>>> print(open('coords21.pdb').read())   # PDB, C-alpha atoms and all ligand atoms
MODEL        1
ATOM      1  CA  MET F   1       1.127 -15.995  23.655
ATOM      2  CA  PRO F   2       3.983 -13.647  22.644
ATOM      3  CA  ALA F   3       3.122  -9.967  22.289
ATOM      4  CA  ILE F   4       3.014  -9.771  18.484
ATOM      5  CA  ALA F   5       0.750 -12.808  18.150
ATOM      6  CA  LEU F   6      -1.514 -11.402  20.851
ATOM      7  CA  ARG F   7      -1.811  -8.005  19.198
ATOM      8  CA  LEU F   8      -2.507  -9.655  15.845
ATOM      9  CA  ALA F   9      -5.237 -11.825  17.323
ATOM     10  CA  GLY F  10      -6.835  -8.776  18.949
ATOM     11  CA  LEU F  11      -6.744  -6.835  15.687
ATOM     12  CA  ARG F  12      -8.162  -9.701  13.663
ATOM     13  CA  GLN F  13     -11.167  -9.813  15.957
ATOM     14  CA  ARG F  14     -11.927  -6.200  15.138
ATOM     15  CA  ILE F  15     -11.190  -6.148  11.390
ATOM     16  CA  PRO F  16     -14.034  -7.205   9.075
ATOM     17  CA  GLY F  17     -13.349 -10.475   7.260
ATOM     18  CA  ASP F  18     -13.301  -8.900   3.791
ATOM     19  CA  VAL F  19     -10.563  -6.407   4.712
ATOM     20  CA  THR F  20      -6.971  -7.461   3.980
ATOM     21  CA  LEU F  21      -4.488  -6.718   6.744
ATOM     22  CA  VAL F  22      -1.005  -5.695   5.632
ATOM     23  CA  ALA F  23       1.370  -6.056   8.591
ATOM     24  CA  VAL F  24       3.830  -3.181   8.174
ATOM     25  CA  SER F  25       7.172  -4.641   9.259
ATOM     26  CA  LYS F  26       9.472  -1.829   8.113
ATOM     27  CA  PHE F  27      12.453  -1.311  10.441
ATOM     28  CA  HIS F  28      11.525  -4.440  12.413
ATOM     29  CA  PRO F  29      13.810  -7.493  12.359
ATOM     30  CA  ALA F  30      13.183 -10.862  10.750
ATOM     31  CA  GLU F  31      12.421 -12.383  14.172
ATOM     32  CA  ALA F  32       9.441 -10.060  14.610
ATOM     33  CA  ILE F  33       8.154 -10.969  11.150
ATOM     34  CA  MET F  34       8.530 -14.657  11.939
ATOM     35  CA  GLU F  35       6.535 -14.231  15.115
ATOM     36  CA  ALA F  36       3.665 -12.754  13.089
ATOM     37  CA  TYR F  37       4.163 -15.441  10.447
ATOM     38  CA  GLY F  38       3.849 -18.101  13.134
ATOM     39  CA  ALA F  39       0.524 -16.518  14.078
ATOM     40  CA  GLY F  40      -0.697 -16.995  10.500
ATOM     41  CA  GLN F  41       0.106 -13.577   8.988
ATOM     42  CA  ARG F  42       1.304 -13.828   5.361
ATOM     43  CA  VAL F  43       1.052 -10.263   3.999
ATOM     44  CA  PHE F  44       3.797  -7.841   5.056
ATOM     45  CA  GLY F  45       4.509  -4.243   4.064
ATOM     46  CA  GLU F  46       7.948  -2.680   3.665
ATOM     47  CA  SER F  47       8.915   0.859   2.734
ATOM     48  CA  ARG F  48      12.554   0.547   1.732
ATOM     49  CA  ALA F  49      13.645  -1.309  -1.389
ATOM     50  CA  LEU F  50      16.826  -2.916  -0.137
ATOM     51  CA  GLU F  51      15.325  -3.835   3.223
ATOM     52  CA  MET F  52      12.453  -5.586   1.481
ATOM     53  CA  ALA F  53      14.751  -7.399  -0.953
ATOM     54  CA  ASP F  54      16.924  -8.590   1.911
ATOM     55  CA  LYS F  55      13.999  -9.823   4.003
ATOM     56  CA  ALA F  56      12.316 -11.461   1.004
ATOM     57  CA  SER F  57      15.441 -13.417   0.169
ATOM     58  CA  ARG F  58      15.790 -14.759   3.727
ATOM     59  CA  LEU F  59      12.198 -15.351   4.848
ATOM     60  CA  PRO F  60       9.594 -17.950   3.773
ATOM     61  CA  ALA F  61       8.637 -17.951   0.098
ATOM     62  CA  ASP F  62       4.894 -17.890   0.789
ATOM     63  CA  ILE F  63       5.095 -14.396   2.286
ATOM     64  CA  GLU F  64       3.370 -11.763   0.142
ATOM     65  CA  TRP F  65       5.523  -8.635   0.172
ATOM     66  CA  HIS F  66       3.851  -5.283  -0.367
ATOM     67  CA  PHE F  67       5.934  -2.213  -1.086
ATOM     68  CA  ILE F  68       4.351   0.846   0.580
ATOM     69  CA  GLY F  69       7.029   3.562   0.675
ATOM     70  CA  HIS F  70       8.228   6.153  -1.791
ATOM     71  CA  LEU F  71      10.070   4.258  -4.518
ATOM     72  CA  GLN F  72      12.952   5.847  -6.379
ATOM     73  CA  THR F  73      13.272   4.776 -10.004
ATOM     74  CA  ASN F  74      16.837   3.554  -9.426
ATOM     75  CA  LYS F  75      15.507   1.052  -6.852
ATOM     76  CA  VAL F  76      12.700  -0.343  -8.998
ATOM     77  CA  ARG F  77      14.796  -3.323 -10.047
ATOM     78  CA  ASN F  78      15.254  -4.295  -6.383
ATOM     79  CA  VAL F  79      11.522  -4.235  -5.724
ATOM     80  CA  VAL F  80       9.924  -5.740  -8.837
ATOM     81  CA  PRO F  81      11.235  -9.301  -8.303
ATOM     82  CA  HIS F  82       9.790  -9.456  -4.765
ATOM     83  CA  ALA F  83       6.663  -7.313  -4.630
ATOM     84  CA  SER F  84       3.269  -8.885  -5.078
ATOM     85  CA  LEU F  85       1.786  -5.395  -4.839
ATOM     86  CA  ILE F  86       3.306  -1.900  -5.013
ATOM     87  CA  HIS F  87       1.019   0.538  -3.137
ATOM     88  CA  SER F  88       2.950   3.684  -3.859
ATOM     89  CA  ILE F  89       2.958   4.619  -7.535
ATOM     90  CA  ASP F  90       3.164   8.374  -7.052
ATOM     91  CA  SER F  91       4.182   9.583 -10.521
ATOM     92  CA  MET F  92       3.889   8.532 -14.152
ATOM     93  CA  HIS F  93       7.680   8.578 -14.294
ATOM     94  CA  LEU F  94       7.737   5.817 -11.654
ATOM     95  CA  LEU F  95       4.935   3.901 -13.365
ATOM     96  CA  LYS F  96       6.946   3.924 -16.582
ATOM     97  CA  ALA F  97      10.021   2.583 -14.796
ATOM     98  CA  VAL F  98       8.035  -0.220 -13.132
ATOM     99  CA  ASN F  99       6.436  -1.135 -16.451
ATOM    100  CA  ALA F 100       9.847  -1.331 -18.137
ATOM    101  CA  GLU F 101      11.354  -3.445 -15.369
ATOM    102  CA  ALA F 102       8.351  -5.788 -15.286
ATOM    103  CA  ALA F 103       8.474  -6.214 -19.077
ATOM    104  CA  LYS F 104      12.159  -7.035 -18.847
ATOM    105  CA  ALA F 105      11.394  -9.674 -16.217
ATOM    106  CA  GLY F 106       8.610 -11.078 -18.393
ATOM    107  CA  ARG F 107       5.888 -10.501 -15.833
ATOM    108  CA  ARG F 108       3.117  -8.108 -14.890
ATOM    109  CA  VAL F 109       3.321  -6.151 -11.676
ATOM    110  CA  ARG F 110       0.256  -5.284  -9.593
ATOM    111  CA  VAL F 111       0.155  -1.661  -8.487
ATOM    112  CA  LEU F 112      -1.951   0.845  -6.592
ATOM    113  CA  MET F 113      -1.904   4.489  -7.602
ATOM    114  CA  GLN F 114      -1.102   6.753  -4.632
ATOM    115  CA  LEU F 115      -3.465   9.627  -4.018
ATOM    116  CA  HIS F 116      -2.601  12.808  -2.168
ATOM    117  CA  VAL F 117      -5.688  13.918  -0.258
ATOM    118  CA  ALA F 118      -4.083  14.977   3.048
ATOM    119  CA  LEU F 119      -3.486  18.499   4.297
ATOM    120  CA  GLU F 120       0.266  18.123   4.622
ATOM    121  CA  GLU F 121       2.424  19.408   1.823
ATOM    122  CA  THR F 122       4.147  16.516   0.072
ATOM    123  CA  LYS F 123       5.503  16.000  -3.349
ATOM    124  CA  TYR F 124       4.290  12.390  -3.431
ATOM    125  CA  GLY F 125       1.045  11.213  -4.961
ATOM    126  CA  PHE F 126      -1.616  12.408  -7.386
ATOM    127  CA  THR F 127      -4.509  14.669  -6.588
ATOM    128  CA  PRO F 128      -7.805  13.060  -7.650
ATOM    129  CA  GLU F 129      -7.891  15.421 -10.647
ATOM    130  CA  GLU F 130      -4.352  14.542 -11.678
ATOM    131  CA  LEU F 131      -5.047  10.830 -11.380
ATOM    132  CA  ALA F 132      -8.240  11.013 -13.424
ATOM    133  CA  GLU F 133      -6.260  12.768 -16.123
ATOM    134  CA  ALA F 134      -3.261  10.414 -15.939
ATOM    135  CA  LEU F 135      -5.379   7.274 -16.324
ATOM    136  CA  GLY F 136      -6.808   7.984 -19.746
ATOM    137  CA  PRO F 137      -8.321   5.464 -22.144
ATOM    138  CA  GLY F 138      -4.956   4.557 -23.728
ATOM    139  CA  ILE F 139      -3.444   3.562 -20.390
ATOM    140  CA  PHE F 140      -3.557  -0.233 -20.842
ATOM    141  CA  GLU F 141      -1.742  -0.163 -24.173
ATOM    142  CA  GLU F 142       0.834   2.250 -22.840
ATOM    143  CA  TYR F 143       1.639   0.140 -19.741
ATOM    144  CA  PRO F 144       1.148  -3.497 -20.799
ATOM    145  CA  ALA F 145       3.244  -4.936 -17.953
ATOM    146  CA  ILE F 146       1.214  -3.137 -15.276
ATOM    147  CA  GLU F 147      -1.824  -4.618 -13.583
ATOM    148  CA  PHE F 148      -3.824  -1.709 -12.201
ATOM    149  CA  ALA F 149      -5.190  -3.020  -8.899
ATOM    150  CA  GLY F 150      -6.576   0.101  -7.222
ATOM    151  CA  VAL F 151      -5.710   3.135  -5.138
ATOM    152  CA  MET F 152      -3.783   3.892  -1.938
ATOM    153  CA  ALA F 153      -4.205   6.960   0.247
ATOM    154  CA  MET F 154      -3.172   8.415   3.577
ATOM    155  CA  ALA F 155      -5.328  10.826   5.575
ATOM    156  CA  SER F 156      -4.138  14.055   7.142
ATOM    157  CA  ASN F 157      -1.998  13.549  10.214
ATOM    158  CA  VAL F 158      -4.398  15.355  12.554
ATOM    159  CA  ASP F 159      -6.614  14.577  15.557
ATOM    160  CA  ASP F 160      -9.702  15.964  13.821
ATOM    161  CA  GLU F 161     -11.733  12.846  12.975
ATOM    162  CA  GLU F 162     -13.973  14.727  10.593
ATOM    163  CA  ARG F 163     -10.999  15.855   8.543
ATOM    164  CA  ILE F 164      -9.654  12.278   8.426
ATOM    165  CA  ARG F 165     -13.070  11.006   7.379
ATOM    166  CA  ARG F 166     -13.298  13.589   4.607
ATOM    167  CA  ASP F 167      -9.857  12.630   3.258
ATOM    168  CA  PHE F 168     -10.807   8.953   3.122
ATOM    169  CA  ALA F 169     -14.169   9.767   1.558
ATOM    170  CA  GLU F 170     -12.433  11.793  -1.136
ATOM    171  CA  ALA F 171     -10.075   8.919  -1.903
ATOM    172  CA  ARG F 172     -12.972   6.496  -2.052
ATOM    173  CA  ALA F 173     -14.900   8.697  -4.476
ATOM    174  CA  CYS F 174     -11.861   8.874  -6.741
ATOM    175  CA  PHE F 175     -11.362   5.096  -6.531
ATOM    176  CA  GLU F 176     -14.995   4.388  -7.382
ATOM    177  CA  ALA F 177     -15.059   6.833 -10.282
ATOM    178  CA  LEU F 178     -12.028   5.117 -11.819
ATOM    179  CA  ARG F 179     -13.378   1.629 -11.105
ATOM    180  CA  ASP F 180     -16.676   2.436 -12.790
ATOM    181  CA  GLY F 181     -15.032   4.480 -15.541
ATOM    182  CA  VAL F 182     -11.735   3.810 -17.280
ATOM    183  CA  MET F 183     -11.216   0.578 -15.245
ATOM    184  CA  LYS F 184     -14.685  -0.871 -15.725
ATOM    185  CA  ASP F 185     -13.445  -3.783 -17.852
ATOM    186  CA  ASN F 186     -10.514  -4.450 -15.539
ATOM    187  CA  PRO F 187     -11.671  -6.756 -12.705
ATOM    188  CA  SER F 188      -8.275  -6.419 -10.987
ATOM    189  CA  PHE F 189      -9.032  -2.820 -10.056
ATOM    190  CA  ARG F 190     -10.731  -3.500  -6.716
ATOM    191  CA  THR F 191      -8.339  -2.538  -3.900
ATOM    192  CA  LEU F 192      -8.711   0.586  -1.790
ATOM    193  CA  SER F 193      -5.721   0.659   0.581
ATOM    194  CA  MET F 194      -6.169   3.172   3.385
ATOM    195  CA  GLY F 195      -5.919   3.250   7.152
ATOM    196  CA  MET F 196      -2.986   2.895   9.560
ATOM    197  CA  SER F 197      -2.743   2.102  13.281
ATOM    198  CA  HIS F 198      -4.402   5.283  14.478
ATOM    199  CA  ASP F 199      -7.090   5.758  11.835
ATOM    200  CA  TRP F 200      -7.966   2.383  10.286
ATOM    201  CA  PRO F 201     -11.486   2.096  11.798
ATOM    202  CA  ILE F 202     -12.420   5.358  10.055
ATOM    203  CA  ALA F 203     -10.851   4.122   6.815
ATOM    204  CA  VAL F 204     -12.822   0.873   6.932
ATOM    205  CA  ALA F 205     -16.022   2.789   7.642
ATOM    206  CA  GLU F 206     -15.228   4.858   4.540
ATOM    207  CA  GLY F 207     -14.770   1.816   2.309
ATOM    208  CA  ALA F 208     -11.157   0.638   2.670
ATOM    209  CA  ASN F 209     -10.711  -3.060   1.893
ATOM    210  CA  MET F 210      -6.983  -3.127   2.667
ATOM    211  CA  ILE F 211      -5.354  -1.574   5.746
ATOM    212  CA  ARG F 212      -1.673  -1.138   6.609
ATOM    213  CA  ILE F 213      -0.851  -1.576  10.291
ATOM    214  CA  GLY F 214       2.622  -1.344  11.793
ATOM    215  CA  THR F 215       2.788   0.080  15.304
ATOM    216  CA  ASP F 216      -0.310  -1.711  16.622
ATOM    217  CA  ILE F 217       1.269  -5.073  15.688
ATOM    218  CA  PHE F 218       5.003  -4.648  16.140
ATOM    219  CA  GLY F 219       5.215  -1.761  18.596
ATOM    220  CA  GLU F 220       7.110   1.479  18.093
ATOM    221  CA  ARG F 221       9.764   1.637  15.390
ATOM    222  CA  GLU F 222      13.252   2.931  15.988
ATOM    223  CA  TYR F 223      14.208   5.202  13.145
TER     224      TYR F 223
HETATM  225  C1  LIG Q   1       4.625   3.143   8.173
HETATM  226  C2  LIG Q   1       3.447   3.128   7.297
HETATM  227  C3  LIG Q   1       2.242   2.539   7.725
HETATM  228  C4  LIG Q   1       2.041   1.955   9.110
HETATM  229  O1  LIG Q   1       1.921   2.964  10.043
HETATM  230  P1  LIG Q   1       1.568   2.650  11.595
HETATM  231  O2  LIG Q   1       1.151   3.944  12.126
HETATM  232  O3  LIG Q   1       2.813   2.125  12.214
HETATM  233  O4  LIG Q   1       0.469   1.631  11.602
HETATM  234  C5  LIG Q   1       1.194   2.503   6.831
HETATM  235  N1  LIG Q   1       1.297   3.029   5.584
HETATM  236  C6  LIG Q   1       2.424   3.618   5.156
HETATM  237  C7  LIG Q   1       2.468   4.184   3.782
HETATM  238  C8  LIG Q   1       3.529   3.690   5.989
HETATM  239  O5  LIG Q   1       4.646   4.289   5.562
ENDMDL
END
>>> encode(input="coords21.pdb", output="structure tokens")
Amino acid sequence: MPAIALRLAGLRQRIPGDVTLVAVSKFHPAEAIMEAYGAGQRVFGESRALEMADKASRLPADIEWHFIGHLQTNKVRNVVPHASLIHSIDSMHLLKAVNAEAAKAGRRVRVLMQLHVALEETKYGFTPEELAEALGPGIFEEYPAIEFAGVMAMASNVDDEERIRRDFAEARACFEALRDGVMKDNPSFRTLSMGMSHDWPIAVAEGANMIRIGTDIFGEREY
């Protein structure tokens, strides 16, 4: 079996059946994606708008493309036609742009709100407090072309497992509070996307039901 198919098979044996695996194919060529596709993988994650649009237009139509990177508002129109899920809504400004583009296209777009729970300084993502405030009761009327599907988070980039666990636990608590609060009548709000190659087992133990794995499937990326 080729390397990618082998790694996928090994991963699938370890991942619980109710956890969705997003194969993060950013910076990897179409041939690598097709090798994973041949091994049955249908959900792929990309972090650059034009790269995703290009791959989506050339590769099989039954691939589910997930956008996982920081999305600039001027690239929203390149992503909306192809994305079955956008993991990385990191500002209300971006949410507004996605809503407008989706309305123009006559469809609803599924999104995850990106939380910032890690130690590293970054300007991307909401703190749990900010997100609770942003998703107020009027949110559905204000963003009619958005389907709120859940939350995405990344843990601190550290070796300290306890710190990683705490970050994931914080994201989960925020997700559950929203799910049982403002989103309680929205059955679509059920996805908690967290965990990458090096920390996904901790994420799953802390309640993730979607994980995003690149390196452990495709090998190292060349930036
Ligand atoms: C690149 C990336 C991943 C995959 O990371 P690996 O360490 O290669 O598994 C997951 N999530 C996001 C948001 C990414 O940018």
>>> axis_aligned_box(input="coords21.pdb", around="ligand LIG 1 (chain Q)", padding_each_side="3 Å", output="AutoDock Vina command-line options")
--center_x 2.6 --center_y 3.0 --center_z 8.0 --size_x 10.2 --size_y 8.7 --size_z 14.4
>>> residues_around(input="coords21.pdb", residues="F:Tyr124", least_positions_apart="3", cutoff="8 Å", atoms="only C-alpha atoms", output="PyMOL selection string")
chain F and resi 70+90-91+114+116
>>> resolve_selection(input="coords21.pdb", expression="the PyMOL selection byres (((chain F and resi 189-191) around 10) and not hetatm)", output="PyMOL selection string")
chain F and resi 19-20+87+110-112+147-152+175-176+178-180+183-188+192-194+207-210
>>> closest_residue(input="coords21.pdb", among="F:Gly106, F:Gly136, F:Gly69, F:Gly40", to="ligand LIG 1 (chain Q)", atoms="all atoms listed in the file")
F:Gly69
>>> residues_near_ligand(input="coords21.pdb", ligand="ligand LIG 1 (chain Q)", cutoff="10 Å", atoms="all atoms listed in the file", output="PyMOL selection string")
chain F and resi 22-27+45-48+67-70+87-88+114+152-154+193-200+211-221
>>> residues_around(input="coords21.pdb", residues="F:Leu6", least_positions_apart="5", cutoff="10 Å", atoms="all atoms listed in the file", output="JSON, numbers by chain")
{"F": [1, 11, 12, 36, 39, 217]}
>>> residues_around(input="coords21.pdb", residues="stretch 140-143 of chain F", least_positions_apart="3", cutoff="12 Å", atoms="all atoms listed in the file", output="ChimeraX atom specification")
/F:92-103,108-111,134-137,146-148,182-183,185-186
>>> residues_around(input="coords21.pdb", residues="stretch 119-121 of chain F", least_positions_apart="5", cutoff="9 Å", atoms="all atoms listed in the file", output="VMD selection string")
chain F and resid 155 to 158 167
>>> atom_distance(input="coords21.pdb", atom1="atom CA of F:Glu31", atom2="atom CA of F:Val43")
15.4 Å
>>> residues_near_point(input="coords21.pdb", point="(9.8, -13.7, 12.6)", cutoff="12 Å", atoms="only C-alpha atoms", output="list in words")
Pro2, Ile4, Ala5, Ser25, His28, Pro29, Ala30, Glu31, Ala32, Ile33, Met34, Glu35, Ala36, Tyr37, Gly38, Ala39, Gly40, Gln41, Arg42, Phe44, Lys55, Arg58, Leu59, Pro60, Ile63 and Phe218 of chain F
>>> atom_distance(input="coords21.pdb", atom1="atom CA of F:Lys123", atom2="atom CA of F:Thr73")
15.2 Å
